[in-house]
>>> print(open('target36.csv').read())   # CSV, C-alpha atoms
chain,number,residue,atom,x,y,z
A,1,MET,CA,28.8,-149.0,5.2
A,2,PHE,CA,26.0,-151.1,3.6
A,3,LYS,CA,23.3,-149.2,5.4
A,4,GLU,CA,24.8,-145.9,4.4
A,5,VAL,CA,25.0,-146.8,0.8
A,6,LYS,CA,21.5,-148.3,0.8
A,7,HIS,CA,20.1,-145.2,2.5
A,8,TYR,CA,21.8,-142.9,0.0
A,9,CYS,CA,20.3,-144.9,-2.9
A,10,GLN,CA,16.9,-145.1,-1.5
A,11,GLU,CA,16.7,-141.4,-0.9
A,12,ARG,CA,17.4,-140.8,-4.6
A,13,ASN,CA,15.2,-143.6,-5.9
A,14,VAL,CA,18.2,-145.6,-7.3
A,15,GLU,CA,18.4,-149.4,-7.4
A,16,LEU,CA,21.4,-150.8,-5.5
A,17,VAL,CA,23.0,-154.0,-6.9
A,18,VAL,CA,25.3,-155.4,-4.3
A,19,VAL,CA,28.3,-156.9,-6.1
A,20,SER,CA,28.9,-160.1,-4.3
A,21,LYS,CA,31.6,-161.6,-6.6
A,22,THR,CA,34.3,-163.5,-4.6
A,23,ARG,CA,32.4,-163.0,-1.4
A,24,PRO,CA,31.5,-166.0,0.8
A,25,ILE,CA,27.9,-167.0,1.1
A,26,ARG,CA,27.9,-166.2,4.8
A,27,ARG,CA,28.7,-162.5,4.1
A,28,ILE,CA,26.0,-162.3,1.4
A,29,LEU,CA,23.5,-163.8,3.8
A,30,GLU,CA,24.2,-161.1,6.3
A,31,LEU,CA,22.9,-158.6,3.8
A,32,TYR,CA,20.1,-160.9,2.8
A,33,ASN,CA,19.0,-161.0,6.5
A,34,GLU,CA,19.0,-157.2,6.5
A,35,GLY,CA,16.4,-157.3,3.7
A,36,HIS,CA,18.5,-156.9,0.6
A,37,ARG,CA,17.6,-159.0,-2.4
A,38,ILE,CA,19.6,-157.8,-5.4
A,39,PHE,CA,23.1,-159.2,-5.9
A,40,GLY,CA,25.4,-159.1,-8.9
A,41,GLU,CA,28.1,-161.6,-10.0
A,42,ASN,CA,30.6,-161.4,-12.9
A,43,ARG,CA,31.4,-165.1,-13.4
A,44,VAL,CA,28.9,-167.6,-14.6
A,45,GLN,CA,30.1,-170.6,-12.5
A,46,GLU,CA,30.2,-168.6,-9.3
A,47,LEU,CA,26.7,-167.1,-10.1
A,48,GLN,CA,25.3,-170.6,-10.7
A,49,GLN,CA,26.8,-172.0,-7.5
A,50,LYS,CA,25.5,-169.2,-5.4
A,51,TYR,CA,22.0,-169.4,-6.9
A,52,GLU,CA,21.9,-173.1,-6.1
A,53,SER,CA,23.0,-172.5,-2.5
A,54,MET,CA,21.0,-169.5,-1.5
A,55,PRO,CA,17.4,-168.4,-1.0
A,56,LYS,CA,15.4,-168.4,-4.2
A,57,ASP,CA,13.8,-164.9,-3.7
A,58,ILE,CA,17.2,-163.3,-4.5
A,59,GLN,CA,17.3,-161.4,-7.8
A,60,TRP,CA,20.6,-162.3,-9.4
A,61,HIS,CA,22.2,-159.9,-11.9
A,62,MET,CA,25.0,-160.9,-14.3
A,63,ILE,CA,27.2,-157.9,-14.5
A,64,GLY,CA,30.4,-159.2,-16.0
A,65,HIS,CA,31.5,-160.2,-19.5
A,66,LEU,CA,29.3,-163.0,-20.7
A,67,GLN,CA,30.3,-165.5,-23.4
A,68,SER,CA,27.5,-166.9,-25.6
A,69,ASN,CA,28.3,-170.5,-24.7
A,70,LYS,CA,27.7,-169.8,-21.0
A,71,VAL,CA,24.3,-168.2,-21.3
A,72,LYS,CA,22.5,-171.6,-21.0
A,73,TYR,CA,23.7,-172.0,-17.5
A,74,ILE,CA,22.1,-168.9,-16.1
A,75,ALA,CA,19.1,-168.5,-18.4
A,76,PRO,CA,16.8,-170.5,-16.1
A,77,PHE,CA,17.1,-168.0,-13.3
A,78,VAL,CA,19.0,-164.8,-14.0
A,79,GLN,CA,17.0,-161.6,-13.4
A,80,MET,CA,19.0,-159.2,-15.5
A,81,ILE,CA,22.0,-159.3,-17.7
A,82,HIS,CA,24.0,-156.0,-17.8
A,83,SER,CA,26.5,-157.0,-20.4
A,84,GLY,CA,24.4,-157.1,-23.6
A,85,ALA,CA,27.4,-156.1,-25.7
A,86,SER,CA,26.9,-157.8,-29.1
A,87,LEU,CA,24.1,-158.9,-31.4
A,88,SER,CA,25.3,-162.5,-31.3
A,89,LEU,CA,25.1,-162.5,-27.5
A,90,LEU,CA,21.6,-161.0,-27.5
A,91,LYS,CA,20.5,-163.7,-30.0
A,92,GLU,CA,21.8,-166.4,-27.7
A,93,ILE,CA,20.1,-164.9,-24.6
A,94,ASN,CA,16.8,-164.7,-26.6
A,95,LYS,CA,17.2,-168.3,-27.7
A,96,ARG,CA,18.0,-169.6,-24.2
A,97,ALA,CA,15.2,-167.5,-22.6
A,98,LYS,CA,12.7,-169.0,-25.0
A,99,ASN,CA,13.9,-172.5,-24.2
A,100,ASN,CA,13.1,-171.8,-20.5
A,101,ASN,CA,9.8,-170.1,-21.2
A,102,ARG,CA,11.2,-166.8,-19.8
A,103,VAL,CA,11.7,-163.2,-20.8
A,104,ILE,CA,15.1,-162.0,-19.5
A,105,ASP,CA,15.8,-158.3,-18.8
A,106,VAL,CA,18.9,-157.1,-20.6
A,107,LEU,CA,20.9,-153.9,-20.7
A,108,LEU,CA,22.8,-152.7,-23.7
A,109,GLN,CA,26.4,-152.3,-22.7
A,110,VAL,CA,27.9,-149.1,-24.1
A,111,LYS,CA,31.7,-148.4,-24.3
A,112,ILE,CA,32.2,-145.1,-22.5
A,113,GLY,CA,35.5,-145.7,-20.8
A,114,GLN,CA,38.8,-145.1,-22.5
A,115,GLU,CA,40.7,-148.3,-21.7
A,116,ASP,CA,41.1,-150.8,-24.5
A,117,ALA,CA,39.8,-153.6,-22.2
A,118,LYS,CA,36.4,-151.9,-21.9
A,119,THR,CA,33.8,-153.6,-24.1
A,120,GLY,CA,30.5,-152.5,-25.5
A,121,TRP,CA,28.6,-150.9,-28.3
A,122,SER,CA,29.6,-147.6,-29.8
A,123,ASP,CA,26.9,-145.0,-30.4
A,124,GLU,CA,27.0,-145.7,-34.1
A,125,GLU,CA,26.7,-149.4,-33.8
A,126,LEU,CA,23.8,-149.2,-31.4
A,127,HIS,CA,21.8,-146.9,-33.7
A,128,ARG,CA,22.5,-149.0,-36.7
A,129,VAL,CA,21.4,-152.3,-35.1
A,130,LEU,CA,18.3,-150.6,-33.6
A,131,GLU,CA,17.3,-149.0,-36.8
A,132,ASP,CA,17.0,-152.3,-38.6
A,133,GLU,CA,14.8,-153.5,-35.7
A,134,THR,CA,16.8,-156.7,-35.1
A,135,ILE,CA,16.9,-156.3,-31.4
A,136,GLN,CA,13.2,-155.3,-31.2
A,137,SER,CA,12.3,-158.6,-32.9
A,138,PHE,CA,13.6,-160.7,-30.0
A,139,GLU,CA,10.5,-161.8,-28.1
A,140,ASN,CA,12.2,-163.4,-25.1
A,141,ILE,CA,14.5,-160.5,-24.0
A,142,ARG,CA,13.3,-157.2,-22.7
A,143,VAL,CA,15.8,-154.3,-23.3
A,144,ARG,CA,15.6,-152.3,-20.1
A,145,GLY,CA,18.2,-149.6,-20.8
A,146,VAL,CA,22.0,-149.2,-20.9
A,147,MET,CA,25.0,-150.0,-18.9
A,148,GLY,CA,28.5,-148.5,-18.9
A,149,MET,CA,31.7,-148.4,-17.0
A,150,ALA,CA,33.7,-145.2,-16.6
A,151,THR,CA,37.5,-145.0,-17.1
A,152,PHE,CA,39.5,-146.1,-14.0
A,153,THR,CA,41.0,-142.8,-13.1
A,154,ASN,CA,41.3,-140.4,-10.2
A,155,ASP,CA,40.2,-137.6,-12.5
A,156,LYS,CA,36.6,-137.1,-11.5
A,157,SER,CA,35.9,-134.7,-14.4
A,158,VAL,CA,36.7,-137.6,-16.9
A,159,VAL,CA,34.3,-139.9,-15.0
A,160,ARG,CA,31.6,-137.3,-14.8
A,161,PHE,CA,31.9,-136.6,-18.6
A,162,GLU,CA,31.6,-140.3,-19.4
A,163,PHE,CA,28.5,-140.7,-17.2
A,164,GLN,CA,27.0,-137.6,-18.9
A,165,HIS,CA,27.7,-139.2,-22.2
A,166,LEU,CA,26.0,-142.5,-21.3
A,167,LYS,CA,22.9,-140.5,-20.0
A,168,SER,CA,22.8,-138.7,-23.4
A,169,ILE,CA,22.9,-142.0,-25.2
A,170,TYR,CA,20.1,-143.4,-23.1
A,171,ASP,CA,18.0,-140.3,-23.8
A,172,GLN,CA,18.6,-140.6,-27.5
A,173,LEU,CA,17.6,-144.2,-27.6
A,174,LYS,CA,14.6,-143.6,-25.5
A,175,GLU,CA,13.4,-140.8,-27.8
A,176,SER,CA,14.2,-142.7,-31.1
A,177,PHE,CA,13.4,-146.3,-30.4
A,178,TYR,CA,11.7,-146.8,-27.0
A,179,LYS,CA,9.5,-143.8,-26.6
A,180,ASP,CA,6.4,-145.9,-26.0
A,181,ARG,CA,8.0,-148.5,-23.8
A,182,ASP,CA,7.8,-147.6,-20.1
A,183,ASN,CA,10.1,-150.5,-19.2
A,184,PHE,CA,13.0,-148.9,-21.0
A,185,ASP,CA,13.9,-147.2,-17.8
A,186,THR,CA,17.4,-148.2,-16.6
A,187,ILE,CA,20.8,-146.5,-16.6
A,188,SER,CA,23.2,-148.8,-14.8
A,189,MET,CA,26.4,-146.8,-14.1
A,190,GLY,CA,28.4,-146.2,-11.0
A,191,MET,CA,30.5,-148.5,-8.8
A,192,SER,CA,32.1,-148.2,-5.3
A,193,GLY,CA,34.5,-145.4,-6.3
A,194,ASP,CA,32.1,-143.2,-8.3
A,195,TYR,CA,28.5,-144.2,-7.5
A,196,LYS,CA,27.7,-140.8,-6.1
A,197,ILE,CA,28.9,-139.0,-9.3
A,198,ALA,CA,26.9,-141.5,-11.4
A,199,ILE,CA,23.7,-140.8,-9.4
A,200,GLU,CA,24.3,-137.0,-9.8
A,201,GLU,CA,24.5,-137.6,-13.6
A,202,GLY,CA,21.3,-139.6,-13.9
A,203,SER,CA,22.1,-143.2,-12.9
A,204,THR,CA,19.0,-145.3,-11.9
A,205,MET,CA,21.1,-148.4,-10.9
A,206,VAL,CA,24.5,-148.6,-9.2
A,207,ARG,CA,26.7,-151.7,-8.7
A,208,VAL,CA,28.6,-151.4,-5.4
A,209,GLY,CA,30.7,-154.2,-3.8
A,210,SER,CA,34.1,-153.4,-2.3
A,211,LEU,CA,32.8,-150.4,-0.5
A,212,ILE,CA,30.1,-152.5,1.2
A,213,PHE,CA,32.3,-155.5,2.0
A,214,GLN,CA,35.4,-153.6,3.2
>>> encode(input="target36.csv", output="structure tokens")
Amino acid sequence: MFKEVKHYCQERNVELVVVSKTRPIRRILELYNEGHRIFGENRVQELQQKYESMPKDIQWHMIGHLQSNKVKYIAPFVQMIHSGASLSLLKEINKRAKNNNRVIDVLLQVKIGQEDAKTGWSDEELHRVLEDETIQSFENIRVRGVMGMATFTNDKSVVRFEFQHLKSIYDQLKESFYKDRDNFDTISMGMSGDYKIAIEEGSTMVRVGSLIFQ
């Protein structure tokens, strides 16, 4: 299934993040040996352990909820943080990136799903914080785009609408705040159950795990 998903993404010029959380290193190495280099984890401790145990040319993405007090453990090596869901977290990422002489790619997590457990910025919050240019002043993070998770439902029309909503938010932010920044180019949406819908609605990066490791 990995080759099928990879091929589908490559044909559509979409980046595939293989979600390797809870998977043993030997399984991840199987995909590494097939040439894949981008993997995503949602727990800091597991991400740190896998980074230390595996080849150093892997690009590790932090895709889960991230607490500010855990940023220091991954700041030396993480390639991208998908869960930039608050100003305080972005400040901490910027601080820890500076301490490590790095610039870390970050996505602004937007709440598009209906469940209470979903976290992220609302449209209004994002526009407000970007209008006062606080985020733009951070020199050691590079805002690459947005990330969102659709509602967990079998109703594909709901999922499609939420992905359309995230794409419209990305377009608004690009036009209003990042028009001259070519590296604001990422819409991370779509997982194992809905990645094809996400790609149809404009995703440039999908996070697929269970479908690949089944």
>>> residues_around(input="target36.csv", residues="range 84-87 of chain A", least_positions_apart="5", cutoff="10 Å", atoms="only C-alpha atoms", output="MDAnalysis selection string")
chainID A and resid 63:66 68 92:93 105:111 119:122 125:126 129 134:135 143 146:147
>>> residues_around(input="target36.csv", residues="range 161-169 of chain A", least_positions_apart="5", cutoff="10 Å", atoms="all atoms listed in the file", output="ChimeraX atom specification")
/A:109-114,122-123,126-127,145-151,156,174-175,187-190,194,197-203
>>> residues_around(input="target36.csv", residues="Lys6 in chain A", least_positions_apart="2", cutoff="12 Å", atoms="only C-alpha atoms", output="PyMOL selection string")
chain A and resi 1-4+8-18+31+34-38+195-196+205-209+211-212
>>> atom_distance(input="target36.csv", atom1="CA of Lys70 in chain A", atom2="CA of Lys50 in chain A")
15.8 Å
>>> atom_distance(input="target36.csv", atom1="CA of Ile28 in chain A", atom2="CA of Trp60 in chain A")
12.1 Å
>>> atom_distance(input="target36.csv", atom1="CA of Glu41 in chain A", atom2="CA of Arg23 in chain A")
9.7 Å
>>> residues_near_point(input="target36.csv", point="(23.2, -165.7, -23.4)", cutoff="9 Å", atoms="only C-alpha atoms", output="compact mmCIF listing (two decimals) with C-alpha atoms, keeping the file's coordinate frame")
# COMPACT_ATOMS: atom_id res chain seq x y z
CA LEU A 66 29.30 -163.00 -20.70
CA GLN A 67 30.30 -165.50 -23.40
CA SER A 68 27.50 -166.90 -25.60
CA ASN A 69 28.30 -170.50 -24.70
CA LYS A 70 27.70 -169.80 -21.00
CA VAL A 71 24.30 -168.20 -21.30
CA LYS A 72 22.50 -171.60 -21.00
CA TYR A 73 23.70 -172.00 -17.50
CA ILE A 74 22.10 -168.90 -16.10
CA ALA A 75 19.10 -168.50 -18.40
CA ILE A 81 22.00 -159.30 -17.70
CA GLY A 84 24.40 -157.10 -23.60
CA SER A 88 25.30 -162.50 -31.30
CA LEU A 89 25.10 -162.50 -27.50
CA LEU A 90 21.60 -161.00 -27.50
CA LYS A 91 20.50 -163.70 -30.00
CA GLU A 92 21.80 -166.40 -27.70
CA ILE A 93 20.10 -164.90 -24.60
CA ASN A 94 16.80 -164.70 -26.60
CA LYS A 95 17.20 -168.30 -27.70
CA ARG A 96 18.00 -169.60 -24.20
CA ALA A 97 15.20 -167.50 -22.60
>>> closest_residue(input="target36.csv", among="A:Arg43, A:Arg160, A:Arg142, A:His7", to="Arg181 in chain A", atoms="all atoms listed in the file")
A:Arg142
